[in-house]
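One structure below.
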Amino acid sequence: MCYHSDAVSVKEVPMEALLFIIILILFLIAIILTRILFLVSATYKRVARITEKPDKAREAYEKYLSEKT
């Protein structure tokens, strides 16, 4: 086993390349989060349209009729 520091030569990555990679990763994360938000919103709208909403006027009328009798 050789543990000398000159045994392996590692080239340094330029700072501009690292910055580019970090910006690219953040951009991809932003795109993914935006897409997830859009899909959740679309799903919520579909479910809200399908589910029955309570009819307040009908409930008030039925309450009125039950109190009247």
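Order determines the names: the first chain of the structure tokens is A, the second B, and so forth; residues in each chain are numbered 1 upward, and ligands are numbered 1 upward as they are shown.
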
Inset, instruction - Please report, as number ranges by chain, each residue of chain A to which DSSP assigns helix (DSSP H, G or I) when run on this structure's backbone. - result: A: 15-50, 56-68
